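One file, start.csv, carrying CSV, C-alpha atoms and all ligand atoms:
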```
chain,number,residue,atom,x,y,z
V,1,MET,CA,0.0,0.0,0.0
V,2,ILE,CA,1.3,3.4,-0.9
V,3,GLY,CA,0.9,5.8,1.9
V,4,ARG,CA,2.7,8.2,4.2
V,5,ARG,CA,5.0,6.4,6.6
V,6,ASN,CA,5.7,7.7,10.1
V,7,ARG,CA,9.2,8.4,11.5
V,8,ARG,CA,9.5,5.1,13.3
V,9,GLU,CA,9.1,3.1,10.1
V,10,PHE,CA,12.0,5.0,8.6
V,11,ALA,CA,14.2,4.7,11.7
V,12,HIS,CA,16.3,1.8,10.4
V,13,THR,CA,16.8,3.3,6.9
V,14,SER,CA,17.5,6.9,7.9
V,15,ALA,CA,21.2,7.1,7.3
V,16,VAL,CA,20.9,9.6,4.5
V,17,ASP,CA,18.0,11.9,5.2
V,18,GLU,CA,17.0,11.4,8.8
V,19,PRO,CA,18.8,13.0,11.7
V,20,GLN,CA,20.5,10.4,14.0
V,21,GLY,CA,19.8,10.4,17.7
V,22,GLU,CA,16.7,10.1,19.8
V,23,LEU,CA,13.5,9.5,18.0
V,24,LEU,CA,10.9,12.3,18.3
V,25,PRO,CA,7.6,11.2,19.8
V,26,VAL,CA,4.9,10.5,17.2
V,27,PRO,CA,2.1,13.1,17.8
V,28,PRO,CA,-1.3,11.6,18.6
V,29,ALA,CA,-3.7,11.3,15.7
V,30,ARG,CA,-6.1,14.2,15.4
V,31,ASP,CA,-9.8,13.8,14.6
V,32,VAL,CA,-10.3,15.3,11.2
V,33,SER,CA,-13.9,16.0,10.1
V,34,ARG,CA,-14.7,14.5,6.8
V,35,PHE,CA,-17.5,14.5,4.3
V,36,GLY,CA,-19.5,11.3,3.6
V,37,HIS,CA,-17.2,10.1,0.9
V,38,GLY,CA,-14.2,10.3,3.2
V,39,SER,CA,-12.6,13.4,1.9
V,40,ARG,CA,-12.0,16.7,3.7
V,41,VAL,CA,-13.0,18.5,0.6
V,42,PRO,CA,-16.6,18.5,-0.7
V,43,GLY,CA,-17.1,16.9,-4.1
V,44,TRP,CA,-13.5,16.7,-5.4
V,45,ASP,CA,-13.7,13.0,-6.0
V,46,ASP,CA,-17.2,12.6,-7.3
V,47,ALA,CA,-17.3,9.4,-9.2
V,48,VAL,CA,-16.7,9.4,-12.9
V,49,ASP,CA,-18.6,7.0,-15.1
V,50,LEU,CA,-15.8,5.6,-17.2
V,51,GLY,CA,-18.4,3.6,-19.2
V,52,LYS,CA,-19.7,6.8,-20.8
V,53,ASP,CA,-18.3,8.4,-23.9
V,54,PRO,CA,-16.7,11.8,-23.1
V,55,ALA,CA,-19.1,14.7,-23.6
V,56,GLN,CA,-18.5,16.6,-26.8
V,57,ILE,CA,-18.8,20.3,-27.4
V,58,PRO,CA,-22.5,21.0,-27.3
V,59,ASP,CA,-24.1,21.5,-30.7
V,60,PRO,CA,-25.5,25.0,-31.1
V,61,ALA,CA,-28.3,23.7,-33.3
V,62,THR,CA,-29.7,21.6,-30.4
V,63,THR,CA,-28.6,23.7,-27.4
V,64,PRO,CA,-30.9,26.7,-26.8
V,65,VAL,CA,-29.0,29.4,-24.9
V,66,PRO,CA,-30.8,32.5,-23.5
V,67,GLN,CA,-29.8,35.5,-25.6
V,68,ALA,CA,-28.8,37.6,-22.5
V,69,LEU,CA,-26.5,34.8,-21.2
V,70,ARG,CA,-25.0,34.3,-24.6
V,71,SER,CA,-24.2,38.0,-25.0
V,72,GLU,CA,-22.7,38.2,-21.6
V,73,ILE,CA,-20.4,35.2,-22.1
V,74,GLU,CA,-19.4,36.4,-25.6
V,75,ALA,CA,-18.5,39.9,-24.1
V,76,HIS,CA,-16.3,38.2,-21.5
V,77,MET,CA,-14.6,36.0,-24.2
V,78,ALA,CA,-13.8,39.2,-26.3
V,79,LYS,CA,-11.7,40.6,-23.4
V,80,TYR,CA,-9.0,37.9,-23.5
V,81,PRO,CA,-6.4,36.9,-26.1
V,82,ASP,CA,-7.2,33.3,-25.2
V,83,PHE,CA,-11.0,32.9,-25.0
V,84,ARG,CA,-10.7,30.1,-22.4
V,85,SER,CA,-9.5,32.8,-19.9
V,86,ALA,CA,-13.2,33.8,-19.7
V,87,ALA,CA,-14.2,30.4,-18.2
V,88,ILE,CA,-14.7,31.8,-14.7
V,89,PRO,CA,-16.7,34.9,-15.6
V,90,ALA,CA,-18.7,32.8,-18.1
V,91,LEU,CA,-19.6,30.3,-15.3
V,92,ALA,CA,-20.4,33.1,-12.9
V,93,ALA,CA,-22.8,34.5,-15.5
V,94,ALA,CA,-24.4,31.1,-16.0
V,95,GLN,CA,-24.7,30.7,-12.3
V,96,ARG,CA,-26.4,34.1,-12.0
V,97,HIS,CA,-28.8,33.1,-14.7
V,98,HIS,CA,-29.6,29.6,-13.4
V,99,GLY,CA,-29.0,30.0,-9.6
V,100,TRP,CA,-26.1,27.5,-9.6
V,101,CYS,CA,-23.8,25.8,-12.1
V,102,SER,CA,-26.4,23.2,-13.0
V,103,PRO,CA,-25.9,20.8,-15.8
V,104,ASP,CA,-27.9,23.1,-18.1
V,105,ALA,CA,-25.9,26.1,-17.0
V,106,ILE,CA,-22.6,24.3,-17.8
V,107,TRP,CA,-23.9,22.9,-21.0
V,108,GLN,CA,-25.0,26.3,-22.2
V,109,ALA,CA,-21.7,28.0,-21.2
V,110,ALA,CA,-19.8,25.2,-23.0
V,111,CYS,CA,-21.9,25.6,-26.1
V,112,VAL,CA,-21.2,29.4,-26.3
V,113,MET,CA,-17.5,29.0,-25.5
V,114,ARG,CA,-17.0,26.0,-27.8
V,115,LEU,CA,-15.5,23.9,-25.0
V,116,THR,CA,-16.5,20.5,-23.6
V,117,PRO,CA,-18.7,20.5,-20.5
V,118,GLY,CA,-15.9,18.6,-18.7
V,119,TYR,CA,-13.5,21.6,-19.2
V,120,LEU,CA,-16.0,23.9,-17.4
V,121,ILE,CA,-16.9,21.4,-14.8
V,122,ALA,CA,-13.2,21.1,-13.9
V,123,VAL,CA,-13.2,24.9,-13.3
V,124,ALA,CA,-16.5,25.1,-11.5
V,125,SER,CA,-15.6,22.3,-9.1
V,126,PHE,CA,-12.3,24.0,-8.2
V,127,TYR,CA,-13.6,27.5,-7.2
V,128,ASP,CA,-15.9,27.4,-4.2
V,129,MET,CA,-17.9,30.5,-5.2
V,130,LEU,CA,-19.1,28.6,-8.2
V,131,GLU,CA,-21.8,26.3,-6.8
V,132,THR,CA,-22.1,22.8,-8.2
V,133,ARG,CA,-25.1,22.0,-6.1
V,134,PRO,CA,-28.4,23.9,-5.7
V,135,VAL,CA,-28.1,26.7,-3.2
V,136,GLY,CA,-30.3,29.6,-1.9
V,137,ARG,CA,-30.2,32.6,-4.1
V,138,HIS,CA,-29.1,35.0,-1.3
V,139,ALA,CA,-25.4,34.4,-0.7
V,140,VAL,CA,-24.3,35.4,2.8
V,141,TYR,CA,-20.6,34.8,3.4
V,142,VAL,CA,-19.6,35.3,7.0
V,143,CYS,CA,-15.8,35.9,7.4
V,144,THR,CA,-14.5,33.6,10.1
V,145,ASN,CA,-10.9,34.3,9.6
V,146,ILE,CA,-8.7,35.6,12.4
V,147,SER,CA,-9.7,39.3,12.8
V,148,CYS,CA,-13.4,38.5,12.4
V,149,SER,CA,-13.2,35.4,14.6
V,150,LEU,CA,-11.6,37.5,17.4
V,151,CYS,CA,-14.5,39.9,17.1
V,152,GLY,CA,-17.2,37.3,17.4
V,153,ALA,CA,-17.7,35.9,13.9
V,154,ASP,CA,-18.4,32.4,15.0
V,155,GLU,CA,-21.4,33.6,17.1
V,156,LEU,CA,-22.5,35.7,14.2
V,157,LEU,CA,-22.4,32.8,11.8
V,158,ASP,CA,-24.3,30.6,14.2
V,159,ARG,CA,-27.0,33.3,14.7
V,160,LEU,CA,-27.4,33.8,11.0
V,161,LYS,CA,-27.7,30.1,10.4
V,162,ASP,CA,-30.3,29.9,13.2
V,163,GLU,CA,-32.3,32.9,11.8
V,164,THR,CA,-32.3,31.5,8.3
V,165,ALA,CA,-32.7,27.8,9.2
V,166,GLY,CA,-35.2,26.1,6.8
V,167,ASP,CA,-35.4,29.0,4.4
V,168,PRO,CA,-34.3,27.8,1.0
V,169,GLN,CA,-33.6,31.3,-0.2
V,170,PHE,CA,-30.4,31.6,1.9
V,171,ASN,CA,-26.9,30.3,1.3
V,172,VAL,CA,-25.2,31.1,4.6
V,173,ARG,CA,-21.7,29.9,5.0
V,174,ALA,CA,-18.3,30.6,6.6
V,175,PHE,CA,-15.6,32.2,4.4
V,176,GLU,CA,-11.9,32.9,4.6
V,177,CYS,CA,-10.7,36.5,5.0
V,178,LEU,CA,-12.8,38.7,2.7
V,179,GLY,CA,-10.2,41.5,2.9
V,180,ALA,CA,-12.2,43.9,5.1
V,181,CYS,CA,-10.7,43.1,8.4
V,182,ASP,CA,-11.2,46.7,9.6
V,183,ILE,CA,-14.9,46.2,9.8
V,184,ALA,CA,-14.8,42.8,11.6
V,185,PRO,CA,-16.9,40.9,12.2
V,186,MET,CA,-18.2,41.3,8.7
V,187,ALA,CA,-20.1,39.5,6.0
V,188,SER,CA,-20.6,39.7,2.3
V,189,VAL,CA,-24.4,39.9,1.6
V,190,ASP,CA,-25.1,39.2,-2.0
V,191,GLY,CA,-21.7,40.8,-2.7
V,192,VAL,CA,-22.2,43.9,-0.5
V,193,TYR,CA,-19.7,44.1,2.3
V,194,VAL,CA,-21.3,44.9,5.7
V,195,GLY,CA,-19.7,45.3,9.1
V,196,PRO,CA,-19.2,45.3,12.0
V,197,ILE,CA,-22.3,43.3,12.5
V,198,ALA,CA,-23.6,42.8,16.0
V,199,VAL,CA,-25.3,39.5,16.8
V,200,GLY,CA,-28.4,41.5,17.8
V,201,GLU,CA,-28.6,43.0,14.3
V,202,VAL,CA,-29.0,39.6,12.7
V,203,PRO,CA,-32.9,39.6,12.7
V,204,ILE,CA,-33.1,42.9,11.0
V,205,LEU,CA,-30.4,42.0,8.5
V,206,VAL,CA,-32.2,38.8,7.6
V,207,GLU,CA,-35.5,40.7,7.3
V,208,GLN,CA,-33.9,43.3,5.0
V,209,ILE,CA,-32.5,40.5,2.7
V,210,ARG,CA,-35.9,38.8,2.6
V,211,GLU,CA,-37.6,42.1,1.7
V,212,GLY,CA,-35.0,42.9,-1.0
V,213,LEU,CA,-33.9,46.0,0.9
V,214,PRO,CA,-30.2,47.2,1.2
V,215,PRO,CA,-28.6,45.2,4.0
V,216,LEU,CA,-27.7,47.4,7.0
V,217,PRO,CA,-27.1,50.6,4.9
V,218,GLY,CA,-25.3,52.3,7.8
V,219,LYS,CA,-22.7,49.6,7.9
V,220,GLN,CA,-22.0,49.1,4.2
V,221,LEU,CA,-18.3,49.3,3.5
V,222,ARG,CA,-18.8,51.2,0.2
V,223,LEU,CA,-20.8,53.9,2.0
V,224,ARG,CA,-18.3,54.5,4.7
V,225,LYS,CA,-16.4,57.8,5.0
V,226,SER,CA,-12.8,57.4,4.1
V,227,THR,CA,-9.8,59.6,4.6
V,228,ASP,CA,-10.8,61.3,1.4
V,229,PRO,CA,-14.1,63.0,2.4
V,230,GLY,CA,-15.2,63.0,-1.2
V,231,ALA,CA,-14.5,59.4,-2.0
V,232,ALA,CA,-17.7,57.8,-1.0
V,233,ARG,CA,-19.8,60.6,-2.6
V,234,ALA,CA,-18.0,60.0,-5.9
V,235,ILE,CA,-20.0,56.8,-6.4
V,236,ALA,CA,-22.4,57.8,-9.2
V,237,GLY,CA,-25.8,58.7,-7.8
V,238,ALA,CA,-24.9,57.7,-4.2
V,239,ALA,CA,-26.4,59.6,-1.3
V,240,ASP,CA,-24.2,61.1,1.4
V,241,PRO,CA,-22.6,58.2,3.3
V,242,VAL,CA,-24.3,57.2,6.4
V,243,THR,CA,-22.2,57.4,9.5
V,244,PRO,CA,-21.9,53.9,10.9
V,245,THR,CA,-22.4,53.3,14.6
V,246,THR,CA,-19.9,50.9,16.0
V,247,SER,CA,-18.7,49.8,19.4
V,248,TYR,CA,-15.1,50.2,18.3
V,249,GLY,CA,-14.6,53.9,19.0
V,250,ALA,CA,-15.8,57.1,17.3
V,251,PRO,CA,-16.0,56.9,13.5
V,252,MET,CA,-13.6,59.1,11.5
V,253,SER,CA,-15.1,62.4,10.3
V,254,GLY,CA,-14.1,65.7,8.8
V,255,GLU,CA,-10.7,66.7,7.5
V,256,ALA,CA,-7.6,65.3,8.9
V,257,ALA,CA,-6.0,67.8,11.3
V,258,GLY,CA,-2.3,68.4,12.2
V,259,PRO,CA,0.9,68.0,10.3
V,260,PRO,CA,1.5,65.0,8.1
V,261,ALA,CA,3.3,62.1,9.8
V,262,LYS,CA,7.0,62.3,9.7
V,263,ILE,CA,8.7,60.2,7.1
V,264,GLU,CA,11.2,57.9,8.7
V,265,ALA,CA,14.8,58.0,7.5
V,266,PRO,CA,16.0,54.8,5.8
V,267,PRO,CA,18.3,52.6,7.9
V,268,PRO,CA,22.1,53.1,7.3
V,269,PRO,CA,23.7,50.7,4.9
V,270,PRO,CA,25.4,47.7,6.6
V,271,GLU,CA,29.1,48.1,7.4
V,272,GLU,CA,31.6,46.5,5.0
V,273,ASP,CA,33.5,43.6,6.5
V,274,ALA,CA,37.1,44.6,7.2
M,1,LIG,S1,-10.5,38.5,8.9
M,1,LIG,FE1,-12.5,38.9,8.3
M,1,LIG,S2,-12.2,40.3,6.6
M,1,LIG,FE2,-10.2,39.7,7.2
```
Structure rendered as structure tokens:
Amino acid sequence: MIGRRNRREFAHTSAVDEPQGELLPVPPARDVSRFGHGSRVPGWDDAVDLGKDPAQIPDPATTPVPQALRSEIEAHMAKYPDFRSAAIPALAAAQRHHGWCSPDAIWQAACVMRLTPGYLIAVASFYDMLETRPVGRHAVYVCTNISCSLCGADELLDRLKDETAGDPQFNVRAFECLGACDIAPMASVDGVYVGPIAVGEVPILVEQIREGLPPLPGKQLRLRKSTDPGAARAIAGAADPVTPTTSYGAPMSGEAAGPPAKIEAPPPPPEEDA
């Protein structure tokens, strides 16, 4: 059987690449949570039916593709020297149209791109924002990475899951750092960054999503004031930014006062060896 051996198995053959001396203790095995098929990753080893012929590029004559979807995919293909570079945006467009990367969605995208469905399935099953199973149409990604986790992201995620339990419209999941650590704990709600979100605000947030209203407008990242007081207003048609209320100190406002920070002198060059 091919597998990973532990140190003790190598002890008698370790003259070349193992340090001599006392053997290190073998760490105790950790419990690792796994999916039903035994993998730690969902879906990577879905069975392949080797008895089937490989799928060919779908025939345009027998594959109806909605005109809006076709136009969007063709516009993405036109942006790249190699049209296959448009695979991800094409799949994202098909997902928006169908709700997930369903067999029909993949087939239609493959038809427009003149690729095999297998090529696009390989891409869709690698990127976790491309859904290869049916999901709710409202994507709520709660960042549970370090900054957000320290500020209560795990409780926030649990509360959001409780509040949306049984509602098929919602796709609530944990996500790695979304790059907005300064508004931790935060979430991406249908692509809109919102934070910091208090656990007590979850019911109103969920209600706003259900009603199709902007999620927590006072806490949307794109509407926050920045060090450039005009930056947020520069969004075409946007109202004046709403000052967020946070428990992390007073929000920044107005013009920056005082002299600019001193620029540090560069360190001296290292001394030459004598
Ligand atoms: S840790 Fe949450 S956005 Fe970075």
Open item on the list: Taking all atoms listed in the file into account, name the residue in V:Leu115, V:Ala87, V:Cys143, V:Leu157 that is nearest to V:Asp182.
Closed with: V:Cys143
Open item on the list: Show me which residues are within 6 Å of ligand LIG 1 (chain M) counting only C-alpha atoms and all ligand atoms, and format the list as a PyMOL selection string.
Closed with: chain V and resi 143-148+177-181+184
Open item on the list: Here is a test: counting only C-alpha atoms, which residue of V:Gly200, V:Gly166, V:Pro66, V:Pro215 is nearest to V:Gly136?
Closed with: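 Comparing V:Gly200, V:Gly166, V:Pro66, V:Pro215 against V:Gly136, the winner is V:Gly166.
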- [ ] Fewer than 3 positions away in the same chain doesn't count, so skip those; otherwise give me all residues within 9 Å of V:Ile73, counting all atoms listed in the file, as number ranges by chain.
- [x] V: 68-70, 76-78, 86-87, 89-91, 93-94, 109, 112-113
TODO: Could you give me, as a list in words, the residues within 10 Å of V:Pro54, counting all atoms listed in the file and dropping anything in the same chain fewer than 6 positions from it?
DONE: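 My list of contacting residues is Thr116, Pro117 and Gly118 of chain V.
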Open item on the list: Neighbouring residues of V:Asp158 were defined as those with any atom within 12 Å, considering only C-alpha atoms; residues of the same chain fewer than 3 positions away were excluded. Please report them as a PyMOL selection string.
Closed with: chain V and resi 142+144+152-155+161-165+172-174+199+202
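If all atoms listed in the file are the atoms counted, then among V:Ala110, V:Val189, V:Tyr127, V:Leu216 the closest residue to V:Gln56 is V:Ala110.
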Task: Coordinates-based distance that separates atom CA of V:Ile121 from atom CA of V:Arg84 (Å, one decimal) - done: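 Straight-line distance from atom CA of V:Arg84 to atom CA of V:Ile121 works out to 13.1 Å.
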TODO: Grab the atom CA of V:Phe126 to atom CA of V:His98 distance for me, in Å with one decimal place.
DONE: 18.9 Å
Open item on the list: From the options V:Asn171, V:Ser71, V:Gln220, V:Ser33, which residue's atoms come nearest to V:Tyr141, counting all atoms listed in the file?
Closed with: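 Smallest distance to V:Tyr141 is found for V:Asn171.
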Open item on the list: I need the residue nearest V:Arg114 from this list: V:Val140, V:Leu50, V:Ala187, V:Ile57. Use all atoms listed in the file for the distance.
Closed with: V:Ile57
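Residue nearest V:Leu223, chosen from V:Ala124, V:Glu211, V:Leu205, V:Tyr193 and counting only C-alpha atoms: V:Tyr193.
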Task: Å distance separating atom CA of V:Leu156 from atom CA of V:Val206, one decimal place - done: 12.1 Å
Got a moment to write stretch 54-83 of chain V out with N, CA and C atoms, as a short mmCIF file (atom, residue, chain, number, x, y, z; two decimals), in the first residue's frame?
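The file below, out.cif, is the result:
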```cif
data_model
loop_
_atom_site.label_atom_id
_atom_site.label_comp_id
_atom_site.auth_asym_id
_atom_site.auth_seq_id
_atom_site.Cartn_x
_atom_site.Cartn_y
_atom_site.Cartn_z
N PRO V 54 -16.90 10.40 -23.59
CA PRO V 54 -16.68 11.78 -23.13
C PRO V 54 -17.66 12.72 -23.82
N ALA V 55 -18.13 13.70 -23.05
CA ALA V 55 -19.09 14.65 -23.63
C ALA V 55 -18.38 15.52 -24.66
N GLN V 56 -19.06 15.75 -25.75
CA GLN V 56 -18.50 16.58 -26.82
C GLN V 56 -18.91 18.03 -26.60
N ILE V 57 -18.34 18.91 -27.40
CA ILE V 57 -18.77 20.31 -27.37
C ILE V 57 -20.23 20.35 -27.80
N PRO V 58 -21.09 20.99 -26.98
CA PRO V 58 -22.53 20.97 -27.31
C PRO V 58 -22.81 21.59 -28.67
N ASP V 59 -23.76 21.01 -29.34
CA ASP V 59 -24.13 21.46 -30.68
C ASP V 59 -25.04 22.69 -30.57
N PRO V 60 -24.65 23.82 -31.17
CA PRO V 60 -25.49 25.02 -31.07
C PRO V 60 -26.89 24.81 -31.66
N ALA V 61 -26.99 23.89 -32.62
CA ALA V 61 -28.29 23.68 -33.27
C ALA V 61 -29.29 23.04 -32.31
N THR V 62 -28.79 22.32 -31.33
CA THR V 62 -29.71 21.61 -30.42
C THR V 62 -29.57 22.09 -28.98
N THR V 63 -28.82 23.18 -28.78
CA THR V 63 -28.63 23.70 -27.42
C THR V 63 -29.14 25.13 -27.33
N PRO V 64 -30.36 25.31 -26.90
CA PRO V 64 -30.85 26.69 -26.77
C PRO V 64 -30.15 27.41 -25.63
N VAL V 65 -29.68 28.62 -25.90
CA VAL V 65 -29.01 29.42 -24.87
C VAL V 65 -29.73 30.77 -24.79
N PRO V 66 -30.18 31.19 -23.62
CA PRO V 66 -30.84 32.50 -23.52
C PRO V 66 -29.94 33.60 -24.10
N GLN V 67 -30.55 34.51 -24.85
CA GLN V 67 -29.76 35.52 -25.56
C GLN V 67 -28.94 36.38 -24.60
N ALA V 68 -29.52 36.73 -23.45
CA ALA V 68 -28.79 37.60 -22.50
C ALA V 68 -27.53 36.89 -22.00
N LEU V 69 -27.68 35.59 -21.72
CA LEU V 69 -26.53 34.83 -21.22
C LEU V 69 -25.48 34.69 -22.32
N ARG V 70 -25.93 34.40 -23.52
CA ARG V 70 -24.98 34.28 -24.64
C ARG V 70 -24.20 35.58 -24.82
N SER V 71 -24.90 36.72 -24.81
CA SER V 71 -24.23 38.01 -25.04
C SER V 71 -23.21 38.28 -23.94
N GLU V 72 -23.59 37.95 -22.69
CA GLU V 72 -22.66 38.23 -21.59
C GLU V 72 -21.40 37.36 -21.71
N ILE V 73 -21.58 36.10 -22.02
CA ILE V 73 -20.41 35.21 -22.15
C ILE V 73 -19.54 35.66 -23.31
N GLU V 74 -20.16 36.01 -24.43
CA GLU V 74 -19.36 36.45 -25.59
C GLU V 74 -18.59 37.73 -25.28
N ALA V 75 -19.21 38.62 -24.49
CA ALA V 75 -18.51 39.86 -24.12
C ALA V 75 -17.29 39.54 -23.26
N HIS V 76 -17.42 38.56 -22.36
CA HIS V 76 -16.25 38.17 -21.55
C HIS V 76 -15.17 37.55 -22.44
N MET V 77 -15.57 36.70 -23.36
CA MET V 77 -14.58 36.04 -24.24
C MET V 77 -13.80 37.06 -25.07
N ALA V 78 -14.48 38.16 -25.41
CA ALA V 78 -13.84 39.16 -26.27
C ALA V 78 -12.75 39.94 -25.54
N LYS V 79 -12.71 39.81 -24.21
CA LYS V 79 -11.73 40.59 -23.44
C LYS V 79 -10.35 39.94 -23.40
N TYR V 80 -10.26 38.66 -23.73
CA TYR V 80 -9.00 37.94 -23.49
C TYR V 80 -8.39 37.44 -24.79
N PRO V 81 -7.03 37.45 -24.88
CA PRO V 81 -6.38 36.90 -26.07
C PRO V 81 -6.74 35.41 -26.25
N ASP V 82 -6.82 34.68 -25.12
CA ASP V 82 -7.24 33.27 -25.19
C ASP V 82 -8.65 33.21 -24.59
N PHE V 83 -9.61 32.86 -25.41
CA PHE V 83 -11.00 32.93 -24.95
C PHE V 83 -11.27 32.05 -23.74
#
```
